[in-house]
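Okay, protein-v7.cif now, which holds mmCIF, C-alpha atoms:
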```cif
data_protein
#
loop_
_atom_site.label_atom_id
_atom_site.label_comp_id
_atom_site.auth_asym_id
_atom_site.auth_seq_id
_atom_site.Cartn_x
_atom_site.Cartn_y
_atom_site.Cartn_z
CA MET I 1 -31.57 -10.35 108.62
CA GLU I 2 -29.20 -10.39 111.54
CA GLU I 3 -27.31 -13.62 111.86
CA GLY I 4 -29.05 -16.07 114.18
CA LYS I 5 -32.38 -14.20 114.39
CA ALA I 6 -35.32 -15.65 112.54
CA LYS I 7 -37.97 -13.38 111.12
CA LEU I 8 -41.55 -14.07 112.08
CA LYS I 9 -44.68 -13.70 109.99
CA VAL I 10 -47.83 -13.27 112.06
CA THR I 11 -51.24 -13.79 110.45
CA GLN I 12 -54.58 -13.28 112.15
CA VAL I 13 -56.97 -16.13 111.37
CA LYS I 14 -60.71 -16.12 112.05
CA TRP I 15 -63.43 -18.70 111.49
CA ASN I 16 -65.70 -17.54 108.64
CA PHE I 17 -69.44 -17.18 109.19
CA PRO I 18 -71.54 -18.47 106.30
CA PRO I 19 -73.96 -16.06 104.59
CA LEU I 20 -77.59 -15.96 105.68
CA GLY I 21 -79.42 -19.05 104.41
CA TRP I 22 -76.23 -21.12 104.35
CA CYS I 23 -74.48 -23.40 106.83
CA ALA I 24 -70.78 -23.84 107.39
CA CYS I 25 -69.43 -27.34 107.90
CA ASN I 26 -65.87 -27.74 109.13
CA THR I 27 -64.28 -31.16 108.69
CA ASP I 28 -61.03 -32.66 109.91
CA ARG I 29 -59.26 -35.90 110.68
CA ALA I 30 -56.93 -37.09 113.37
CA SER I 31 -54.38 -39.80 112.67
CA ARG I 32 -51.78 -41.63 114.70
CA GLY I 33 -49.53 -42.67 111.84
CA ASN I 34 -49.85 -42.42 108.08
CA PRO I 35 -51.38 -44.89 107.57
CA GLY I 36 -52.51 -45.51 111.10
CA ARG I 37 -55.29 -45.30 113.60
CA SER I 38 -57.64 -42.54 112.41
CA ALA I 39 -60.79 -40.64 113.25
CA TYR I 40 -62.90 -37.89 111.74
CA GLY I 41 -64.80 -34.94 113.13
CA PHE I 42 -67.18 -32.41 111.66
CA CYS I 43 -69.41 -29.63 112.91
CA VAL I 44 -72.24 -27.80 111.19
CA ARG I 45 -73.01 -24.20 112.16
CA ASN I 46 -75.62 -21.70 111.03
CA ALA I 47 -75.14 -18.11 109.84
CA GLN I 48 -74.96 -16.90 113.46
CA GLY I 49 -72.20 -19.41 114.21
CA ASN I 50 -74.44 -21.53 116.44
CA LEU I 51 -73.92 -25.27 116.53
CA ILE I 52 -76.45 -27.29 114.57
CA TYR I 53 -74.67 -30.63 114.92
CA ALA I 54 -71.26 -32.13 115.62
CA GLN I 55 -70.07 -35.69 115.12
CA ALA I 56 -66.84 -37.58 115.56
CA ASP I 57 -65.89 -41.24 115.35
CA GLU I 58 -62.91 -43.52 114.92
CA ILE I 59 -62.50 -45.23 111.56
CA ARG I 60 -60.30 -48.03 110.26
CA ASP I 61 -56.58 -47.50 109.87
CA ALA I 62 -56.23 -44.99 107.08
CA THR I 63 -53.87 -42.57 105.40
CA ASN I 64 -54.28 -38.87 106.15
CA ILE I 65 -56.02 -38.18 102.85
CA GLU I 66 -58.38 -41.16 103.29
CA ALA I 67 -59.35 -39.95 106.78
CA GLU I 68 -59.93 -36.41 105.45
CA MET I 69 -62.22 -37.85 102.75
CA VAL I 70 -64.18 -39.90 105.30
CA ALA I 71 -64.70 -36.73 107.38
CA LEU I 72 -66.04 -34.83 104.40
CA LEU I 73 -68.21 -37.69 103.19
CA GLU I 74 -69.77 -38.28 106.63
CA ALA I 75 -70.51 -34.56 106.92
CA LEU I 76 -72.03 -34.46 103.45
CA LYS I 77 -74.23 -37.49 104.25
CA TYR I 78 -75.48 -35.81 107.43
CA CYS I 79 -76.28 -32.54 105.63
CA LYS I 80 -78.12 -34.37 102.84
CA GLN I 81 -80.17 -36.44 105.34
CA GLN I 82 -81.15 -33.29 107.24
CA GLY I 83 -82.14 -31.36 104.13
CA LEU I 84 -79.37 -28.79 104.57
CA ASN I 85 -78.88 -27.80 100.96
CA ASN I 86 -76.69 -24.67 101.08
CA ILE I 87 -73.41 -25.75 102.63
CA ILE I 88 -69.93 -24.30 102.68
CA PHE I 89 -67.50 -27.08 103.56
CA GLN I 90 -64.32 -25.77 105.17
CA THR I 91 -61.33 -28.08 105.38
CA ASN I 92 -57.73 -27.42 106.31
CA SER I 93 -56.66 -30.02 103.74
CA GLN I 94 -55.76 -28.08 100.65
CA THR I 95 -55.32 -31.41 98.85
CA ILE I 96 -58.96 -32.40 99.49
CA GLN I 97 -60.22 -28.94 98.58
CA LYS I 98 -58.29 -28.94 95.27
CA ILE I 99 -59.54 -32.44 94.41
CA LEU I 100 -63.17 -31.60 95.19
CA THR I 101 -63.09 -28.38 93.16
CA GLY I 102 -61.63 -30.27 90.20
CA ASP I 103 -58.26 -28.52 90.26
CA TRP I 104 -56.39 -31.77 90.96
CA LYS I 105 -57.00 -35.38 89.97
CA PRO I 106 -57.82 -37.70 92.87
CA PRO I 107 -55.41 -40.47 93.82
CA TRP I 108 -56.67 -43.99 93.15
CA ASN I 109 -57.32 -44.75 96.85
CA ILE I 110 -60.06 -42.10 97.16
CA ALA I 111 -61.52 -42.12 93.64
CA GLY I 112 -64.56 -44.13 94.77
CA TRP I 113 -65.27 -41.65 97.56
CA ILE I 114 -65.10 -38.76 95.10
CA GLU I 115 -67.87 -40.43 93.11
CA GLU I 116 -69.91 -40.75 96.33
CA VAL I 117 -69.41 -37.06 97.06
CA GLU I 118 -70.67 -36.19 93.57
CA GLU I 119 -73.76 -38.34 94.13
CA TYR I 120 -74.55 -36.88 97.57
CA LYS I 121 -74.12 -33.26 96.53
CA ARG I 122 -76.56 -33.61 93.64
CA ASP I 123 -79.48 -31.17 94.18
CA MET I 124 -77.46 -29.24 96.77
CA ASP I 125 -75.53 -25.97 96.60
CA VAL I 126 -72.12 -26.95 97.92
CA ILE I 127 -68.91 -24.93 98.11
CA PHE I 128 -65.59 -26.48 99.12
CA LYS I 129 -63.16 -24.03 100.71
CA HIS I 130 -59.71 -24.34 102.18
CA THR I 131 -59.26 -22.82 105.63
CA LEU I 132 -56.22 -22.52 107.81
CA ARG I 133 -55.77 -24.96 110.69
CA GLU I 134 -56.42 -22.21 113.25
CA ALA I 135 -59.93 -21.63 111.85
CA ASN I 136 -60.68 -25.37 111.94
CA LYS I 137 -60.05 -25.97 115.63
CA LEU I 138 -63.49 -27.32 116.52
CA ALA I 139 -63.43 -30.05 113.86
CA ASP I 140 -59.86 -30.90 114.92
CA ALA I 141 -60.88 -31.14 118.59
CA LEU I 142 -63.78 -33.42 117.67
CA ALA I 143 -61.58 -35.77 115.62
CA ASN I 144 -58.98 -35.99 118.38
CA TYR I 145 -61.71 -36.59 120.97
CA ALA I 146 -62.90 -39.60 118.95
CA LEU I 147 -59.39 -41.06 118.91
CA ASP I 148 -58.83 -40.47 122.62
CA LYS I 149 -62.28 -41.13 124.12
CA GLY I 150 -64.64 -42.55 121.51
CA PRO I 151 -67.54 -41.46 119.34
CA MET I 152 -69.44 -38.23 119.94
CA GLN I 153 -72.65 -36.65 118.68
CA CYS I 154 -73.77 -33.20 119.81
CA TYR I 155 -76.91 -31.29 118.95
CA LEU I 156 -76.54 -28.53 121.51
CA PHE I 157 -73.78 -26.23 122.70
CA LYS I 158 -74.07 -27.70 126.22
CA ASP I 159 -73.33 -31.17 124.83
CA LEU I 160 -69.80 -30.09 123.87
CA ASN I 161 -66.98 -30.41 126.39
CA THR I 162 -65.42 -27.30 127.94
CA LYS I 163 -62.59 -27.07 125.41
CA MET I 164 -64.98 -27.32 122.46
CA ARG I 165 -67.40 -24.75 123.93
CA SER I 166 -64.47 -22.38 124.34
CA ILE I 167 -63.44 -22.85 120.69
CA LEU I 168 -67.01 -22.27 119.50
CA ASN I 169 -67.31 -19.09 121.58
CA SER I 170 -63.97 -17.80 120.30
CA ASP I 171 -65.03 -18.47 116.72
CA LYS I 172 -68.37 -16.67 117.22
CA SER I 173 -66.80 -13.67 118.92
CA GLN I 174 -64.31 -13.41 116.04
CA ILE I 175 -61.35 -13.37 118.38
CA PRO I 176 -58.49 -14.00 115.95
CA TYR I 177 -56.12 -16.88 116.32
CA LEU I 178 -52.53 -16.00 115.57
CA ARG I 179 -50.55 -18.05 113.08
CA ILE I 180 -46.84 -17.50 113.60
CA LYS I 181 -44.35 -18.77 111.05
CA LYS I 182 -40.59 -18.52 111.20
CA PHE I 183 -38.69 -17.86 108.00
#
```
Exercise: express the given structure as structure tokens:
Amino acid sequence: MEEGKAKLKVTQVKWNFPPLGWCACNTDRASRGNPGRSAYGFCVRNAQGNLIYAQADEIRDATNIEAEMVALLEALKYCKQQGLNNIIFQTNSQTIQKILTGDWKPPWNIAGWIEEVEEYKRDMDVIFKHTLREANKLADALANYALDKGPMQCYLFKDLNTKMRSILNSDKSQIPYLRIKKF
């Protein structure tokens, strides 16, 4: 490496379509402080990448991990209520993904929520996957919208704002997002 010049690693990141008969549910949180003012967002999409439902809302002051858990739990509740039984949950929180797959022990402050998740996912086929931030843009936009403007529920593509429609279209067209890291 030449002195003073950083090397870059560029990775192409795409949102992953679920298999036929499955839905993908992306979840995320937005926080202003840790702990601090927090919100969650989630979106459910079918195998063609079309929006089934999106929801976002502000929650109590929370830590980042608590807000991530609320996002996942709210999404799981929605899917259960709607009879969506084959769900791939995609989160950009590797901590949450590792806890929900049993690789890591949960911290005390979310242990009760983990029990709720186990109860809700009973009789469902659920997969918890980690995704990179760039493939989780719609859930992130929803969570930030809730913090900035208030709660949101969308059943149709046209109900999303312009930014969110653009993200959904980019995800469906498989236009890659670029992740650039300096090292």
**Matched chain/residue IDs from the PyMOL selection byres ((chain I and resi 61-69) around 10), as JSON, numbers by chain** = {"I": [27, 28, 29, 30, 31, 32, 33, 34, 35, 36, 37, 38, 39, 40, 41, 58, 59, 60, 70, 71, 72, 73, 74, 75, 91, 92, 93, 95, 96, 100, 107, 109, 110, 113, 114, 117]}
**Message:** Give me the residues near segment 151-156 of chain I as a ChimeraX atom specification, where near means some atom within 6 Å (using only C-alpha atoms) and where sequence neighbours in that chain fewer than 2 positions away do not count.
**Reply:** /I:52-57,146,158-159
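Comparing the minimum interatomic distances between Thr162 of chain I and each of I:Asn86, I:Ala141, I:Phe17, I:Leu178, counting all atoms listed in the file, we find that I:Ala141 sits nearest.
Distances from I:Phe183, I:Tyr177, I:Trp108, I:Trp22 to Met124 of chain I were compared using all atoms listed in the file, and the smallest one belongs to I:Trp22.
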**Request:** Rank I:Arg179, I:Phe89, I:Ser170, I:Cys79 by their smallest atom-to-atom distance to Val126 of chain I, using all atoms listed in the file, and report the top residue only.
**Result:**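 Among the listed residues, the smallest separation from Val126 of chain I belongs to I:Phe89.
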**Prompt:** So what do you get for atom CA of Tyr120 of chain I versus atom CA of Leu160 of chain I, distance-wise?
**Reply:**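 Calculated distance between atom CA of Tyr120 of chain I and atom CA of Leu160 of chain I is 27.6 Å.
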**Request:** Find, counting only C-alpha atoms, the residue in I:Lys149, I:Lys182, I:Gly21, I:Leu138 that gets nearest to Ser166 of chain I.
**Result:**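 Of the candidates, the smallest distance to Ser166 of chain I is held by I:Leu138.
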**Request:** Go ahead and compute the interatomic distance for atom CA of Cys25 of chain I and atom CA of Ile180 of chain I, in Å to one decimal.
**Result:**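 One can read the atom CA of Cys25 of chain I to atom CA of Ile180 of chain I distance as 25.3 Å.
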**Message:** Quick check, in Å to one decimal: how far apart do atom CA of Glu116 of chain I and atom CA of Trp104 of chain I lie?
**Reply:**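 Between atom CA of Glu116 of chain I and atom CA of Trp104 of chain I the gap is 17.1 Å.
Around the coordinate (-72.2, -26.3, 98.4), residues that reach within 10 Å when counting all atoms listed in the file are I:Trp22, I:Cys23, I:Ala24, I:Cys25, I:Leu76, I:Leu84, I:Asn85, I:Asn86, I:Ile87, I:Ile88, I:Phe89, I:Lys121, I:Arg122, I:Asp123, I:Met124, I:Asp125, I:Val126, I:Ile127, I:Phe128, I:Lys129.
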Reconstruct segment 58-69 of chain I at the level of all heavy atoms, and format the result as a PDB file, in the frame of the given file.
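Printed below is out.pdb as written:
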```pdb
ATOM      1  N   GLU I  58     -64.117 -42.857 115.394  1.00  0.00           N
ATOM      2  CA  GLU I  58     -62.910 -43.520 114.920  1.00  0.00           C
ATOM      3  C   GLU I  58     -63.261 -44.333 113.678  1.00  0.00           C
ATOM      4  O   GLU I  58     -64.384 -44.838 113.546  1.00  0.00           O
ATOM      5  CB  GLU I  58     -62.337 -44.427 116.011  1.00  0.00           C
ATOM      6  CG  GLU I  58     -60.952 -44.921 115.695  1.00  0.00           C
ATOM      7  CD  GLU I  58     -60.245 -45.557 116.892  1.00  0.00           C
ATOM      8  OE1 GLU I  58     -60.757 -45.478 118.010  1.00  0.00           O
ATOM      9  OE2 GLU I  58     -59.172 -46.138 116.659  1.00  0.00           O
ATOM     10  N   ILE I  59     -62.304 -44.433 112.763  1.00  0.00           N
ATOM     11  CA  ILE I  59     -62.500 -45.230 111.560  1.00  0.00           C
ATOM     12  C   ILE I  59     -61.368 -46.262 111.493  1.00  0.00           C
ATOM     13  O   ILE I  59     -60.505 -46.305 112.360  1.00  0.00           O
ATOM     14  CB  ILE I  59     -62.531 -44.358 110.281  1.00  0.00           C
ATOM     15  CG1 ILE I  59     -61.222 -43.565 110.127  1.00  0.00           C
ATOM     16  CG2 ILE I  59     -63.722 -43.422 110.317  1.00  0.00           C
ATOM     17  CD1 ILE I  59     -61.106 -42.796 108.820  1.00  0.00           C
ATOM     18  N   ARG I  60     -61.368 -47.042 110.453  1.00  0.00           N
ATOM     19  CA  ARG I  60     -60.300 -48.030 110.260  1.00  0.00           C
ATOM     20  C   ARG I  60     -58.961 -47.326 110.124  1.00  0.00           C
ATOM     21  O   ARG I  60     -58.906 -46.117 109.936  1.00  0.00           O
ATOM     22  CB  ARG I  60     -60.595 -48.854 109.008  1.00  0.00           C
ATOM     23  CG  ARG I  60     -60.594 -48.008 107.736  1.00  0.00           C
ATOM     24  CD  ARG I  60     -60.760 -48.834 106.484  1.00  0.00           C
ATOM     25  NE  ARG I  60     -60.880 -48.029 105.299  1.00  0.00           N
ATOM     26  CZ  ARG I  60     -59.882 -47.400 104.682  1.00  0.00           C
ATOM     27  NH1 ARG I  60     -58.665 -47.481 105.148  1.00  0.00           N
ATOM     28  NH2 ARG I  60     -60.097 -46.692 103.599  1.00  0.00           N
ATOM     29  N   ASP I  61     -57.886 -48.079 110.174  1.00  0.00           N
ATOM     30  CA  ASP I  61     -56.580 -47.500 109.870  1.00  0.00           C
ATOM     31  C   ASP I  61     -56.640 -46.892 108.480  1.00  0.00           C
ATOM     32  O   ASP I  61     -57.186 -47.503 107.550  1.00  0.00           O
ATOM     33  CB  ASP I  61     -55.482 -48.562 109.917  1.00  0.00           C
ATOM     34  CG  ASP I  61     -55.081 -48.917 111.345  1.00  0.00           C
ATOM     35  OD1 ASP I  61     -55.715 -48.424 112.296  1.00  0.00           O
ATOM     36  OD2 ASP I  61     -54.119 -49.681 111.501  1.00  0.00           O
ATOM     37  N   ALA I  62     -56.114 -45.691 108.346  1.00  0.00           N
ATOM     38  CA  ALA I  62     -56.230 -44.990 107.080  1.00  0.00           C
ATOM     39  C   ALA I  62     -55.041 -44.048 106.900  1.00  0.00           C
ATOM     40  O   ALA I  62     -54.349 -43.715 107.859  1.00  0.00           O
ATOM     41  CB  ALA I  62     -57.526 -44.175 107.044  1.00  0.00           C
ATOM     42  N   THR I  63     -54.843 -43.623 105.654  1.00  0.00           N
ATOM     43  CA  THR I  63     -53.870 -42.570 105.400  1.00  0.00           C
ATOM     44  C   THR I  63     -54.534 -41.234 105.759  1.00  0.00           C
ATOM     45  O   THR I  63     -55.761 -41.156 105.933  1.00  0.00           O
ATOM     46  CB  THR I  63     -53.455 -42.520 103.908  1.00  0.00           C
ATOM     47  OG1 THR I  63     -54.597 -42.165 103.123  1.00  0.00           O
ATOM     48  CG2 THR I  63     -52.887 -43.862 103.448  1.00  0.00           C
ATOM     49  N   ASN I  64     -53.733 -40.190 105.832  1.00  0.00           N
ATOM     50  CA  ASN I  64     -54.280 -38.870 106.150  1.00  0.00           C
ATOM     51  C   ASN I  64     -55.349 -38.445 105.150  1.00  0.00           C
ATOM     52  O   ASN I  64     -56.416 -37.962 105.530  1.00  0.00           O
ATOM     53  CB  ASN I  64     -53.165 -37.823 106.188  1.00  0.00           C
ATOM     54  CG  ASN I  64     -52.226 -38.029 107.346  1.00  0.00           C
ATOM     55  OD1 ASN I  64     -52.534 -38.721 108.301  1.00  0.00           O
ATOM     56  ND2 ASN I  64     -51.062 -37.422 107.266  1.00  0.00           N
ATOM     57  N   ILE I  65     -55.069 -38.625 103.871  1.00  0.00           N
ATOM     58  CA  ILE I  65     -56.020 -38.180 102.850  1.00  0.00           C
ATOM     59  C   ILE I  65     -57.307 -39.023 102.891  1.00  0.00           C
ATOM     60  O   ILE I  65     -58.404 -38.505 102.685  1.00  0.00           O
ATOM     61  CB  ILE I  65     -55.382 -38.164 101.439  1.00  0.00           C
ATOM     62  CG1 ILE I  65     -56.258 -37.366 100.484  1.00  0.00           C
ATOM     63  CG2 ILE I  65     -55.120 -39.546 100.907  1.00  0.00           C
ATOM     64  CD1 ILE I  65     -55.582 -36.976  99.200  1.00  0.00           C
ATOM     65  N   GLU I  66     -57.185 -40.322 103.170  1.00  0.00           N
ATOM     66  CA  GLU I  66     -58.380 -41.160 103.290  1.00  0.00           C
ATOM     67  C   GLU I  66     -59.238 -40.696 104.471  1.00  0.00           C
ATOM     68  O   GLU I  66     -60.462 -40.589 104.355  1.00  0.00           O
ATOM     69  CB  GLU I  66     -57.992 -42.628 103.474  1.00  0.00           C
ATOM     70  CG  GLU I  66     -57.404 -43.266 102.233  1.00  0.00           C
ATOM     71  CD  GLU I  66     -56.773 -44.629 102.501  1.00  0.00           C
ATOM     72  OE1 GLU I  66     -56.445 -44.950 103.674  1.00  0.00           O
ATOM     73  OE2 GLU I  66     -56.597 -45.380 101.525  1.00  0.00           O
ATOM     74  N   ALA I  67     -58.606 -40.409 105.597  1.00  0.00           N
ATOM     75  CA  ALA I  67     -59.350 -39.950 106.780  1.00  0.00           C
ATOM     76  C   ALA I  67     -60.007 -38.596 106.524  1.00  0.00           C
ATOM     77  O   ALA I  67     -61.138 -38.358 106.955  1.00  0.00           O
ATOM     78  CB  ALA I  67     -58.419 -39.885 107.986  1.00  0.00           C
ATOM     79  N   GLU I  68     -59.331 -37.703 105.813  1.00  0.00           N
ATOM     80  CA  GLU I  68     -59.930 -36.410 105.450  1.00  0.00           C
ATOM     81  C   GLU I  68     -61.162 -36.620 104.571  1.00  0.00           C
ATOM     82  O   GLU I  68     -62.180 -35.940 104.733  1.00  0.00           O
ATOM     83  CB  GLU I  68     -58.922 -35.525 104.710  1.00  0.00           C
ATOM     84  CG  GLU I  68     -57.785 -35.009 105.538  1.00  0.00           C
ATOM     85  CD  GLU I  68     -58.098 -33.786 106.391  1.00  0.00           C
ATOM     86  OE1 GLU I  68     -59.258 -33.315 106.403  1.00  0.00           O
ATOM     87  OE2 GLU I  68     -57.160 -33.311 107.055  1.00  0.00           O
ATOM     88  N   MET I  69     -61.083 -37.562 103.642  1.00  0.00           N
ATOM     89  CA  MET I  69     -62.220 -37.850 102.750  1.00  0.00           C
ATOM     90  C   MET I  69     -63.394 -38.421 103.533  1.00  0.00           C
ATOM     91  O   MET I  69     -64.544 -38.069 103.272  1.00  0.00           O
ATOM     92  CB  MET I  69     -61.809 -38.833 101.663  1.00  0.00           C
ATOM     93  CG  MET I  69     -61.483 -38.292 100.307  1.00  0.00           C
ATOM     94  SD  MET I  69     -62.354 -36.864  99.699  1.00  0.00           S
ATOM     95  CE  MET I  69     -63.971 -37.461  99.385  1.00  0.00           C
TER      96      MET I  69
END
```
